[in-house]
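What follows is the content of start_29.csv (CSV, C-alpha atoms).
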chain,number,residue,atom,x,y,z
A,1,MET,CA,-3.8,3.9,-24.6
A,2,LYS,CA,-0.4,5.5,-23.7
A,3,LEU,CA,1.9,4.9,-20.8
A,4,TYR,CA,3.9,7.8,-19.2
A,5,ASP,CA,7.0,6.1,-18.1
A,6,TYR,CA,10.5,6.8,-16.6
A,7,ARG,CA,13.2,4.2,-17.1
A,8,LEU,CA,15.1,4.8,-13.9
A,9,ALA,CA,12.3,4.7,-11.3
A,10,PRO,CA,11.0,1.5,-9.6
A,11,ASN,CA,7.2,2.1,-9.9
A,12,PRO,CA,7.1,2.5,-13.7
A,13,ARG,CA,9.2,-0.7,-13.9
A,14,ARG,CA,6.5,-2.6,-12.2
A,15,VAL,CA,4.1,-1.7,-15.0
A,16,ARG,CA,6.6,-2.5,-17.7
A,17,ILE,CA,7.2,-6.0,-16.2
A,18,PHE,CA,3.4,-6.5,-15.9
A,19,LEU,CA,2.9,-5.5,-19.6
A,20,ALA,CA,5.7,-7.8,-20.7
A,21,GLU,CA,4.2,-10.7,-18.7
A,22,LYS,CA,0.8,-10.0,-20.4
A,23,LYS,CA,2.5,-9.5,-23.8
A,24,ILE,CA,0.7,-6.2,-24.2
A,25,GLU,CA,2.5,-3.5,-26.2
A,26,ILE,CA,1.4,0.1,-25.8
A,27,PRO,CA,3.1,3.4,-26.8
A,28,ARG,CA,5.2,5.0,-24.1
A,29,VAL,CA,6.1,8.6,-23.4
A,30,GLU,CA,9.3,9.0,-21.3
A,31,ILE,CA,8.9,11.6,-18.6
A,32,ASP,CA,12.4,12.7,-17.6
A,33,ILE,CA,12.1,13.3,-13.9
A,34,ALA,CA,15.7,14.4,-13.7
A,35,SER,CA,14.9,17.4,-15.8
A,36,GLN,CA,11.6,18.0,-14.0
A,37,ALA,CA,9.3,16.9,-16.8
A,38,HIS,CA,6.9,15.7,-14.2
A,39,ARG,CA,6.4,19.3,-13.0
A,40,THR,CA,5.2,20.8,-16.2
A,41,PRO,CA,1.6,22.2,-16.3
A,42,GLU,CA,0.7,19.6,-19.0
A,43,PHE,CA,1.8,16.7,-16.9
A,44,LEU,CA,0.3,18.0,-13.7
A,45,ALA,CA,-3.0,18.4,-15.5
A,46,LEU,CA,-2.8,14.7,-16.3
A,47,ASN,CA,-1.7,13.7,-12.8
A,48,PRO,CA,-1.8,16.4,-10.1
A,49,ALA,CA,0.4,14.1,-7.9
A,50,GLY,CA,3.3,14.6,-10.4
A,51,THR,CA,4.2,10.9,-10.3
A,52,VAL,CA,4.9,8.3,-13.0
A,53,PRO,CA,3.6,5.9,-14.2
A,54,VAL,CA,0.4,7.2,-15.7
A,55,LEU,CA,-1.8,5.3,-18.1
A,56,GLU,CA,-3.8,7.6,-20.4
A,57,LEU,CA,-6.8,6.1,-22.0
A,58,ASP,CA,-8.0,7.0,-25.5
A,59,ASP,CA,-10.7,9.3,-24.2
A,60,GLY,CA,-8.0,11.2,-22.1
A,61,THR,CA,-8.8,9.6,-18.8
A,62,ALA,CA,-5.7,9.3,-16.7
A,63,ILE,CA,-5.0,6.4,-14.2
A,64,ALA,CA,-2.0,7.0,-11.9
A,65,GLU,CA,-0.4,4.6,-9.4
A,66,SER,CA,1.3,1.5,-10.7
A,67,VAL,CA,-1.0,-1.0,-9.1
A,68,ALA,CA,-4.1,0.8,-10.3
A,69,ILE,CA,-2.7,0.7,-13.8
A,70,CYS,CA,-1.9,-3.0,-13.5
A,71,ARG,CA,-5.4,-3.8,-12.2
A,72,TYR,CA,-6.9,-2.0,-15.1
A,73,LEU,CA,-4.7,-3.9,-17.5
A,74,GLU,CA,-5.6,-7.2,-15.8
A,75,ALA,CA,-9.3,-6.5,-16.4
A,76,LEU,CA,-8.6,-5.7,-20.0
A,77,SER,CA,-6.4,-8.7,-20.6
A,78,PRO,CA,-7.0,-11.3,-17.9
A,79,GLU,CA,-4.5,-13.9,-19.1
A,80,PRO,CA,-2.2,-14.9,-17.5
A,81,PRO,CA,-3.8,-13.9,-14.2
A,82,LEU,CA,-1.3,-11.9,-12.1
A,83,PHE,CA,-3.7,-10.9,-9.4
A,84,GLY,CA,-5.2,-14.3,-8.8
A,85,SER,CA,-7.8,-16.5,-10.5
A,86,ASP,CA,-10.4,-17.0,-7.7
A,87,ARG,CA,-11.3,-15.2,-4.5
A,88,LEU,CA,-8.9,-17.1,-2.3
A,89,SER,CA,-5.8,-16.9,-4.6
A,90,SER,CA,-6.7,-13.2,-5.1
A,91,ALA,CA,-6.8,-12.6,-1.4
A,92,ARG,CA,-3.5,-14.4,-0.8
A,93,ILE,CA,-1.8,-12.4,-3.6
A,94,GLU,CA,-3.2,-9.2,-2.2
A,95,MET,CA,-1.9,-10.1,1.3
A,96,TRP,CA,1.6,-10.9,0.1
A,97,HIS,CA,1.7,-8.0,-2.3
A,98,ARG,CA,0.9,-5.6,0.5
A,99,ARG,CA,3.5,-7.1,2.8
A,100,VAL,CA,6.1,-6.7,0.1
A,101,GLU,CA,5.1,-3.2,-0.5
A,102,LEU,CA,4.6,-1.9,3.0
A,103,GLU,CA,7.3,-4.0,4.8
A,104,LEU,CA,9.9,-3.9,2.0
A,105,MET,CA,9.3,-1.4,-0.7
A,106,VAL,CA,8.4,1.5,1.6
A,107,PRO,CA,11.4,1.0,3.9
A,108,VAL,CA,13.7,0.5,0.9
A,109,GLN,CA,12.4,3.8,-0.5
A,110,HIS,CA,13.2,5.4,2.9
A,111,ALA,CA,16.7,4.1,2.8
A,112,VAL,CA,17.4,5.2,-0.8
A,113,ARG,CA,15.8,8.6,-0.5
A,114,ASN,CA,17.8,9.4,2.6
A,115,SER,CA,21.2,8.1,1.5
A,116,HIS,CA,21.6,8.4,-2.2
A,117,PRO,CA,23.3,11.6,-3.4
A,118,VAL,CA,20.6,12.2,-6.1
A,119,PHE,CA,18.1,12.9,-3.2
A,120,ALA,CA,20.5,15.0,-1.2
A,121,THR,CA,17.9,17.8,-0.8
A,122,ARG,CA,14.8,15.7,-0.9
A,123,GLY,CA,15.2,13.5,2.2
A,124,HIS,CA,12.7,13.1,5.0
A,125,GLY,CA,14.5,15.3,7.5
A,126,GLU,CA,14.0,19.0,8.3
A,127,GLY,CA,14.0,21.2,5.2
A,128,GLY,CA,14.5,18.2,2.9
A,129,ALA,CA,17.7,17.1,4.6
A,130,GLN,CA,18.5,13.4,4.5
A,131,SER,CA,17.5,11.6,7.8
A,132,ARG,CA,19.7,9.0,9.3
A,133,ASP,CA,16.7,7.6,11.2
A,134,PHE,CA,15.0,6.9,7.9
A,135,VAL,CA,18.0,5.1,6.5
A,136,GLU,CA,18.6,3.0,9.5
A,137,SER,CA,15.0,2.1,10.1
A,138,GLY,CA,14.6,1.4,6.4
A,139,ARG,CA,17.6,-1.0,6.3
A,140,ARG,CA,16.5,-2.7,9.5
A,141,VAL,CA,12.9,-3.3,8.4
A,142,ALA,CA,14.0,-4.4,4.9
A,143,ALA,CA,16.4,-6.9,6.3
A,144,ALA,CA,13.8,-8.4,8.7
A,145,THR,CA,11.2,-8.7,5.9
A,146,CYS,CA,13.8,-10.5,3.7
A,147,ASP,CA,14.6,-12.9,6.5
A,148,TRP,CA,10.9,-13.7,6.7
A,149,LEU,CA,10.6,-14.0,2.9
A,150,ASP,CA,13.6,-16.3,2.8
A,151,ARG,CA,11.9,-18.7,5.3
A,152,GLU,CA,8.7,-18.5,3.2
A,153,LEU,CA,10.4,-19.2,-0.1
A,154,ALA,CA,12.0,-22.3,1.4
A,155,THR,CA,8.5,-23.8,1.1
A,156,ARG,CA,7.3,-22.7,-2.4
A,157,ARG,CA,8.4,-21.6,-5.8
A,158,PHE,CA,7.0,-18.1,-5.9
A,159,VAL,CA,5.9,-15.5,-3.3
A,160,VAL,CA,2.4,-17.0,-3.5
A,161,GLY,CA,2.4,-20.7,-4.3
A,162,ASP,CA,3.2,-22.0,-7.7
A,163,ALA,CA,2.1,-19.2,-9.9
A,164,PHE,CA,4.0,-16.0,-10.7
A,165,SER,CA,2.0,-12.9,-9.6
A,166,VAL,CA,2.2,-9.2,-9.0
A,167,ALA,CA,3.8,-10.0,-5.6
A,168,ASP,CA,6.8,-11.4,-7.4
A,169,ILE,CA,7.0,-8.3,-9.6
A,170,ALA,CA,7.0,-6.1,-6.5
A,171,LEU,CA,9.6,-8.1,-4.7
A,172,LEU,CA,12.0,-8.2,-7.7
A,173,VAL,CA,11.7,-4.4,-8.2
A,174,ALA,CA,12.2,-3.7,-4.5
A,175,ILE,CA,15.4,-5.9,-4.3
A,176,ASP,CA,16.9,-4.3,-7.3
A,177,PHE,CA,16.0,-0.8,-6.2
A,178,ALA,CA,17.6,-1.5,-2.8
A,179,ARG,CA,21.0,-1.6,-4.3
A,180,LEU,CA,20.8,2.2,-4.5
A,181,ALA,CA,21.0,2.2,-0.7
A,182,GLU,CA,23.9,-0.4,-0.8
A,183,LEU,CA,21.4,-3.0,0.4
A,184,ARG,CA,22.3,-6.5,-1.0
A,185,LEU,CA,19.2,-8.3,0.2
A,186,ARG,CA,19.9,-11.7,-1.4
A,187,GLU,CA,23.1,-12.2,0.4
A,188,GLY,CA,23.0,-14.9,3.1
A,189,ARG,CA,19.4,-15.7,2.1
A,190,PRO,CA,19.6,-18.8,-0.1
A,191,HIS,CA,15.9,-19.3,-0.8
A,192,LEU,CA,15.3,-15.7,-1.6
A,193,ASP,CA,18.4,-15.9,-3.8
A,194,ARG,CA,17.1,-19.1,-5.6
A,195,TRP,CA,13.8,-17.3,-6.2
A,196,TYR,CA,15.6,-14.2,-7.5
A,197,ALA,CA,17.7,-16.1,-10.0
A,198,GLU,CA,14.5,-17.6,-11.5
A,199,VAL,CA,12.4,-14.5,-11.6
A,200,ALA,CA,15.3,-12.3,-12.9
A,201,ALA,CA,15.8,-14.7,-15.7
A,202,ARG,CA,12.3,-14.2,-17.1
A,203,PRO,CA,12.3,-12.1,-20.2
A,204,SER,CA,9.9,-9.6,-18.5
A,205,ALA,CA,12.6,-8.7,-15.9
A,206,GLY,CA,14.5,-6.7,-18.6
A,207,ALA,CA,11.5,-4.5,-19.2
B,1,MET,CA,-15.5,-17.5,9.1
B,2,LYS,CA,-14.1,-15.8,12.1
B,3,LEU,CA,-12.4,-12.4,12.4
B,4,TYR,CA,-9.5,-11.8,14.7
B,5,ASP,CA,-10.0,-8.2,15.7
B,6,TYR,CA,-8.6,-5.5,18.1
B,7,ARG,CA,-10.9,-2.6,19.0
B,8,LEU,CA,-8.2,0.0,19.4
B,9,ALA,CA,-6.2,-0.4,16.2
B,10,PRO,CA,-7.0,1.3,12.9
B,11,ASN,CA,-6.5,-1.6,10.5
B,12,PRO,CA,-9.1,-3.9,12.1
B,13,ARG,CA,-11.5,-0.9,12.1
B,14,ARG,CA,-11.3,-0.8,8.3
B,15,VAL,CA,-12.6,-4.3,8.2
B,16,ARG,CA,-15.3,-3.7,10.7
B,17,ILE,CA,-16.6,-0.7,8.7
B,18,PHE,CA,-16.4,-2.7,5.5
B,19,LEU,CA,-18.5,-5.5,7.1
B,20,ALA,CA,-21.0,-3.0,8.4
B,21,GLU,CA,-21.4,-1.4,4.9
B,22,LYS,CA,-21.9,-4.9,3.5
B,23,LYS,CA,-24.3,-5.9,6.4
B,24,ILE,CA,-22.2,-9.0,7.0
B,25,GLU,CA,-22.0,-10.3,10.5
B,26,ILE,CA,-19.3,-12.8,11.5
B,27,PRO,CA,-18.0,-14.0,14.8
B,28,ARG,CA,-15.1,-11.9,16.2
B,29,VAL,CA,-12.2,-12.9,18.5
B,30,GLU,CA,-10.6,-10.0,20.3
B,31,ILE,CA,-6.8,-10.2,20.3
B,32,ASP,CA,-5.6,-7.9,23.1
B,33,ILE,CA,-2.4,-6.5,21.6
B,34,ALA,CA,-1.8,-4.5,24.8
B,35,SER,CA,-1.3,-7.8,26.7
B,36,GLN,CA,0.7,-9.4,23.8
B,37,ALA,CA,-2.1,-11.7,22.7
B,38,HIS,CA,-0.7,-11.3,19.1
B,39,ARG,CA,2.6,-12.9,20.2
B,40,THR,CA,1.3,-16.2,21.4
B,41,PRO,CA,2.4,-19.4,19.5
B,42,GLU,CA,-1.3,-20.0,18.5
B,43,PHE,CA,-1.7,-16.6,17.0
B,44,LEU,CA,1.6,-16.6,15.2
B,45,ALA,CA,0.8,-20.0,13.7
B,46,LEU,CA,-2.3,-18.3,12.2
B,47,ASN,CA,-0.4,-15.2,11.1
B,48,PRO,CA,3.4,-15.2,11.4
B,49,ALA,CA,3.4,-11.4,11.0
B,50,GLY,CA,1.6,-11.1,14.3
B,51,THR,CA,-0.8,-8.5,13.0
B,52,VAL,CA,-4.5,-8.1,13.2
B,53,PRO,CA,-7.0,-8.3,11.6
B,54,VAL,CA,-6.9,-11.9,10.4
B,55,LEU,CA,-9.9,-13.6,8.7
B,56,GLU,CA,-10.0,-17.4,9.4
B,57,LEU,CA,-12.0,-19.4,6.9
B,58,ASP,CA,-14.0,-22.5,8.0
B,59,ASP,CA,-11.2,-24.8,6.6
B,60,GLY,CA,-8.6,-23.0,8.8
B,61,THR,CA,-7.1,-20.9,6.0
B,62,ALA,CA,-6.0,-17.5,7.3
B,63,ILE,CA,-6.1,-14.3,5.4
B,64,ALA,CA,-4.2,-11.4,7.0
B,65,GLU,CA,-3.9,-7.7,5.9
B,66,SER,CA,-7.1,-5.6,6.1
B,67,VAL,CA,-7.4,-4.9,2.4
B,68,ALA,CA,-6.9,-8.6,1.4
B,69,ILE,CA,-9.7,-9.5,3.8
B,70,CYS,CA,-11.9,-6.8,2.4
B,71,ARG,CA,-11.3,-8.0,-1.2
B,72,TYR,CA,-12.2,-11.5,-0.2
B,73,LEU,CA,-15.4,-10.3,1.4
B,74,GLU,CA,-16.2,-8.2,-1.7
B,75,ALA,CA,-15.9,-11.4,-3.8
B,76,LEU,CA,-18.2,-13.3,-1.4
B,77,SER,CA,-20.7,-10.5,-1.1
B,78,PRO,CA,-20.5,-8.1,-4.1
B,79,GLU,CA,-23.2,-5.6,-3.1
B,80,PRO,CA,-22.8,-2.8,-2.5
B,81,PRO,CA,-19.5,-2.7,-4.5
B,82,LEU,CA,-16.8,-0.9,-2.4
B,83,PHE,CA,-13.9,-1.7,-4.8
B,84,GLY,CA,-15.7,-0.5,-7.9
B,85,SER,CA,-18.2,-1.9,-10.4
B,86,ASP,CA,-16.3,-1.9,-13.7
B,87,ARG,CA,-12.7,-1.7,-14.7
B,88,LEU,CA,-12.4,2.1,-14.8
B,89,SER,CA,-14.2,2.7,-11.4
B,90,SER,CA,-12.1,-0.1,-9.9
B,91,ALA,CA,-8.9,1.4,-11.2
B,92,ARG,CA,-9.9,4.9,-9.9
B,93,ILE,CA,-10.8,3.5,-6.5
B,94,GLU,CA,-7.5,1.6,-6.4
B,95,MET,CA,-5.6,4.8,-7.3
B,96,TRP,CA,-7.2,6.9,-4.6
B,97,HIS,CA,-7.1,4.2,-2.0
B,98,ARG,CA,-3.4,3.8,-2.5
B,99,ARG,CA,-2.9,7.6,-2.3
B,100,VAL,CA,-4.8,7.7,1.0
B,101,GLU,CA,-2.8,4.7,2.3
B,102,LEU,CA,0.7,5.6,1.2
B,103,GLU,CA,0.4,9.4,1.4
B,104,LEU,CA,-1.7,9.7,4.5
B,105,MET,CA,-2.1,6.5,6.6
B,106,VAL,CA,1.6,5.6,6.4
B,107,PRO,CA,2.8,9.1,7.5
B,108,VAL,CA,0.1,9.3,10.2
B,109,GLN,CA,1.3,5.9,11.5
B,110,HIS,CA,4.9,7.3,11.6
B,111,ALA,CA,3.7,10.3,13.6
B,112,VAL,CA,1.7,8.3,16.0
B,113,ARG,CA,4.3,5.6,16.6
B,114,ASN,CA,7.0,8.1,17.2
B,115,SER,CA,5.1,10.5,19.5
B,116,HIS,CA,2.4,8.6,21.5
B,117,PRO,CA,3.6,7.4,24.9
B,118,VAL,CA,2.2,3.9,24.3
B,119,PHE,CA,4.9,3.4,21.6
B,120,ALA,CA,7.7,4.9,23.7
B,121,THR,CA,10.0,1.9,23.2
B,122,ARG,CA,8.7,0.9,19.7
B,123,GLY,CA,9.6,4.0,17.6
B,124,HIS,CA,11.6,4.1,14.4
B,125,GLY,CA,14.8,5.4,16.0
B,126,GLU,CA,17.8,3.5,17.2
B,127,GLY,CA,16.9,0.7,19.6
B,128,GLY,CA,13.2,1.4,19.3
B,129,ALA,CA,13.5,5.1,20.4
B,130,GLN,CA,11.0,7.5,19.1
B,131,SER,CA,12.3,9.5,16.1
B,132,ARG,CA,11.6,13.2,15.8
B,133,ASP,CA,12.3,13.0,12.0
B,134,PHE,CA,9.4,10.4,11.6
B,135,VAL,CA,7.0,12.6,13.6
B,136,GLU,CA,7.8,15.8,11.7
B,137,SER,CA,7.9,14.2,8.3
B,138,GLY,CA,4.7,12.3,9.0
B,139,ARG,CA,2.9,15.5,10.1
B,140,ARG,CA,4.2,17.4,7.0
B,141,VAL,CA,3.2,14.7,4.5
B,142,ALA,CA,-0.2,14.1,6.2
B,143,ALA,CA,-0.9,17.9,6.1
B,144,ALA,CA,0.0,18.2,2.4
B,145,THR,CA,-2.1,15.2,1.4
B,146,CYS,CA,-5.1,16.6,3.3
B,147,ASP,CA,-4.6,20.0,1.5
B,148,TRP,CA,-4.8,18.0,-1.8
B,149,LEU,CA,-7.8,16.0,-0.7
B,150,ASP,CA,-9.6,19.2,0.4
B,151,ARG,CA,-9.2,20.6,-3.1
B,152,GLU,CA,-10.4,17.3,-4.6
B,153,LEU,CA,-13.4,17.1,-2.3
B,154,ALA,CA,-14.5,20.5,-3.4
B,155,THR,CA,-15.5,18.8,-6.7
B,156,ARG,CA,-17.3,15.7,-5.6
B,157,ARG,CA,-19.2,14.0,-2.8
B,158,PHE,CA,-16.8,11.1,-2.0
B,159,VAL,CA,-13.1,10.4,-2.5
B,160,VAL,CA,-14.0,8.8,-5.8
B,161,GLY,CA,-17.0,10.3,-7.4
B,162,ASP,CA,-20.5,9.8,-6.2
B,163,ALA,CA,-20.2,6.4,-4.6
B,164,PHE,CA,-18.9,5.5,-1.2
B,165,SER,CA,-15.9,3.2,-1.5
B,166,VAL,CA,-12.9,1.6,0.4
B,167,ALA,CA,-11.1,4.9,-0.2
B,168,ASP,CA,-13.6,6.7,2.0
B,169,ILE,CA,-13.1,4.0,4.7
B,170,ALA,CA,-9.3,4.4,4.6
B,171,LEU,CA,-9.6,8.2,4.8
B,172,LEU,CA,-12.0,8.2,7.7
B,173,VAL,CA,-9.8,5.7,9.7
B,174,ALA,CA,-6.6,7.7,9.0
B,175,ILE,CA,-8.2,11.0,10.1
B,176,ASP,CA,-9.5,9.5,13.3
B,177,PHE,CA,-6.2,7.7,14.0
B,178,ALA,CA,-4.2,10.9,13.4
B,179,ARG,CA,-5.7,12.4,16.6
B,180,LEU,CA,-3.3,10.2,18.6
B,181,ALA,CA,-0.5,12.3,17.2
B,182,GLU,CA,-2.4,15.5,18.0
B,183,LEU,CA,-3.1,16.0,14.3
B,184,ARG,CA,-6.5,17.6,13.6
B,185,LEU,CA,-6.6,17.2,9.9
B,186,ARG,CA,-10.1,18.6,9.3
B,187,GLU,CA,-9.3,22.0,10.7
B,188,GLY,CA,-9.1,24.7,8.1
B,189,ARG,CA,-10.1,22.3,5.3
B,190,PRO,CA,-13.8,22.9,4.7
B,191,HIS,CA,-14.4,20.4,2.0
B,192,LEU,CA,-12.6,17.6,3.8
B,193,ASP,CA,-14.6,18.6,6.9
B,194,ARG,CA,-17.9,18.5,5.0
B,195,TRP,CA,-17.0,15.0,3.6
B,196,TYR,CA,-16.0,13.9,7.1
B,197,ALA,CA,-19.3,15.0,8.7
B,198,GLU,CA,-21.2,12.9,6.1
B,199,VAL,CA,-19.1,9.8,6.3
B,200,ALA,CA,-18.7,9.8,10.1
B,201,ALA,CA,-22.5,10.0,10.3
B,202,ARG,CA,-23.0,6.7,8.5
B,203,PRO,CA,-23.9,3.8,10.9
B,204,SER,CA,-20.8,1.9,9.7
B,205,ALA,CA,-18.5,4.5,11.2
B,206,GLY,CA,-19.3,3.3,14.7
B,207,ALA,CA,-18.1,-0.2,13.9

Do you think you could lay out the structure here as structure tokens?
Amino acid sequence: MKLYDYRLAPNPRRVRIFLAEKKIEIPRVEIDIASQAHRTPEFLALNPAGTVPVLELDDGTAIAESVAICRYLEALSPEPPLFGSDRLSSARIEMWHRRVELELMVPVQHAVRNSHPVFATRGHGEGGAQSRDFVESGRRVAAATCDWLDRELATRRFVVGDAFSVADIALLVAIDFARLAELRLREGRPHLDRWYAEVAARPSAGA
Amino acid sequence: MKLYDYRLAPNPRRVRIFLAEKKIEIPRVEIDIASQAHRTPEFLALNPAGTVPVLELDDGTAIAESVAICRYLEALSPEPPLFGSDRLSSARIEMWHRRVELELMVPVQHAVRNSHPVFATRGHGEGGAQSRDFVESGRRVAAATCDWLDRELATRRFVVGDAFSVADIALLVAIDFARLAELRLREGRPHLDRWYAEVAARPSAGA
């Protein structure tokens, strides 16, 4: 197996943290998106969407999308379980993982993409302009979701109960990525901040 | 088990189609969102996010988020497998399911929410105004994703290979929901249209 990776992007980081939690080491190929390495014919043959990460299996099969890669790795290497260990814990992790993705990561991406200078010509506005509506809606939804998570984390150690899961990985990555839009999501949210301090101190967080 | 449902919304429909494909019948409780039934203290105690669908288990445990519910049902009733039957098919279904959700359903929701009169005060603009950027970006991304899916569907029967899966359910629901934003996504896309005709003719599509 081989992982096509990019140090600076949030989705590849989710896979790197997942691998570190599983203690799996696989060769990595850095795809430098800044220099358009994801737009070469070779890379587009592997993943027509032009996104990283991509996991290439030994027979050449390519799996794109960070969560699809993580599920494949979970099936290969079930311990420790990061998607749940029975049908109820799996469903609860899926529920929270989706809430973190759709109600936090997506709005954070909207805010970053429409405010950070590196995306100046790749925003969601007309002709690739950056859109103020996307920034403000993204900031508003991200803040509301973090208020909710702060209340939830008052009652338990991790996003889903007492076990670290992919939902924690998604939340850590989203909070860190949000800084690119000047969003400091831990501020004023003591339970989220307590959770962050613990999760960010795990060795996997440096991956 | 009991399913909290709403006839007019796309996410509950995903669960209804899933149940019909599995031939599972469970009692349903209609939550009339138009009359704010999702904002009552009883419903918010069940699901603080105030969204439908919700699956309530016999012990009172609530599972929200359509895909989390579907995964729980898949574990209860594995046949026919709609999330894949081995680690590679599961990963490929997850990959395509996510692409349909993030690159089609999310932009379609943006377009509907910011153009349809029923959401006039619940758009993504300032103070709940509808945002033209969200409509236009949503329409653009949805069209590009459907162009891609049209090319992919030239090569195979379903979204992922020869077996019907949750990715087909997500695509059917997104295409139908898009009509609320005046988006006719099958037009000019013959392979997507051929796929739609087959999937929309399954008995489950009426669920």

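Between atom CA of Asn47 of chain A and atom CA of Thr61 of chain A the interatomic distance comes to 10.2 Å.
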
Determine, using all atoms listed in the file, which residues of chain B have any atom at most 8 Å from an atom of chain A, and tabulate each with its shortest atom pair and distance in Å to one decimal place, rows ordered by chain and then rising number, as a Markdown table.
| residue | atom | partner | partner_atom | distance |
| --- | --- | --- | --- | --- |
| B:Ile63 | CA | A:Arg92 | CA | 6.7 |
| B:Ala64 | CA | A:Met95 | CA | 6.3 |
| B:Glu65 | CA | A:Met95 | CA | 5.6 |
| B:Val67 | CA | A:Glu94 | CA | 7.6 |
| B:Ala68 | CA | A:Ala91 | CA | 4.9 |
| B:Ile69 | CA | A:Ala91 | CA | 6.7 |
| B:Arg71 | CA | A:Ala91 | CA | 6.4 |
| B:Tyr72 | CA | A:Ala91 | CA | 5.6 |
| B:Ala75 | CA | A:Arg87 | CA | 6.0 |
| B:Leu76 | CA | A:Arg87 | CA | 7.8 |
| B:Arg87 | CA | A:Tyr72 | CA | 5.8 |
| B:Leu88 | CA | A:Tyr72 | CA | 6.9 |
| B:Ser90 | CA | A:Tyr72 | CA | 7.6 |
| B:Ala91 | CA | A:Ala68 | CA | 4.9 |
| B:Arg92 | CA | A:Ile63 | CA | 6.7 |
| B:Glu94 | CA | A:Ala68 | CA | 5.2 |
| B:Met95 | CA | A:Ala68 | CA | 5.2 |
| B:Arg98 | CA | A:Glu65 | CA | 7.6 |
| B:His124 | CA | A:Ser137 | CA | 5.8 |
| B:Gly125 | CA | A:Asp133 | CA | 5.6 |
| B:Glu126 | CA | A:Asp133 | CA | 7.3 |
| B:Ser131 | CA | A:Asp133 | CA | 6.9 |
| B:Asp133 | CA | A:Gly125 | CA | 5.5 |
| B:Phe134 | CA | A:Phe134 | CA | 7.6 |
| B:Glu136 | CA | A:Glu126 | CA | 7.8 |
| B:Ser137 | CA | A:His124 | CA | 5.9 |

Have a look at atom CA of Gln109 of chain A and atom CA of Ala142 of chain A and let me know their distance in Å, one decimal.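 It comes out at 9.9 Å.
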
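Those residues positioned at most 12 Å from (-19.7, 12.9, 9.6) are Asp168, Leu172, Ile175, Asp176, Arg186, His191, Leu192, Asp193, Arg194, Trp195, Tyr196, Ala197, Glu198, Val199, Ala200, Ala201, Arg202, Pro203, Ser204, Ala205 and Gly206 of chain B, judged using only C-alpha atoms.
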
Ser77 of chain B proximity check over B:Ala163, B:Val118, B:Leu19, B:Val29, using all atoms listed in the file: winner is B:Leu19

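Minimum atom-to-atom distances from A:Thr51, A:Ser85, A:Ser115, A:Thr121 to Phe164 of chain A were compared using only C-alpha atoms, and the lowest value belongs to A:Ser85.
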
May I ask for the distance between atom CA of Ala207 of chain B and atom CA of Thr40 of chain B, given in Å to one decimal place?
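Here the two named atoms are 26.2 Å from each other.
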
Counting all atoms listed in the file, closest pick from A:Gly188, A:Gly161, A:Pro53, A:Pro80 relative to Cys146 of chain A is A:Gly188

Open item on the list: Using all atoms listed in the file for the distances, tell me which of A:Asp147, A:Leu180, A:Arg156, A:Ala170 is nearest to Val15 of chain A.
Closed with: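 The closest residue to Val15 of chain A is A:Ala170.
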
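Nearest to Val108 of chain A of all the residues A:Glu182, A:Glu21, A:Asp5, A:Glu30 is A:Glu182, counting all atoms listed in the file.
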
Looking at all atoms listed in the file, which of B:Lys22, B:Lys2, B:Arg179, B:Arg13 is the one that sits closest to Ser165 of chain B?
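Ranked by minimum distance to Ser165 of chain B, first place goes to B:Lys22.
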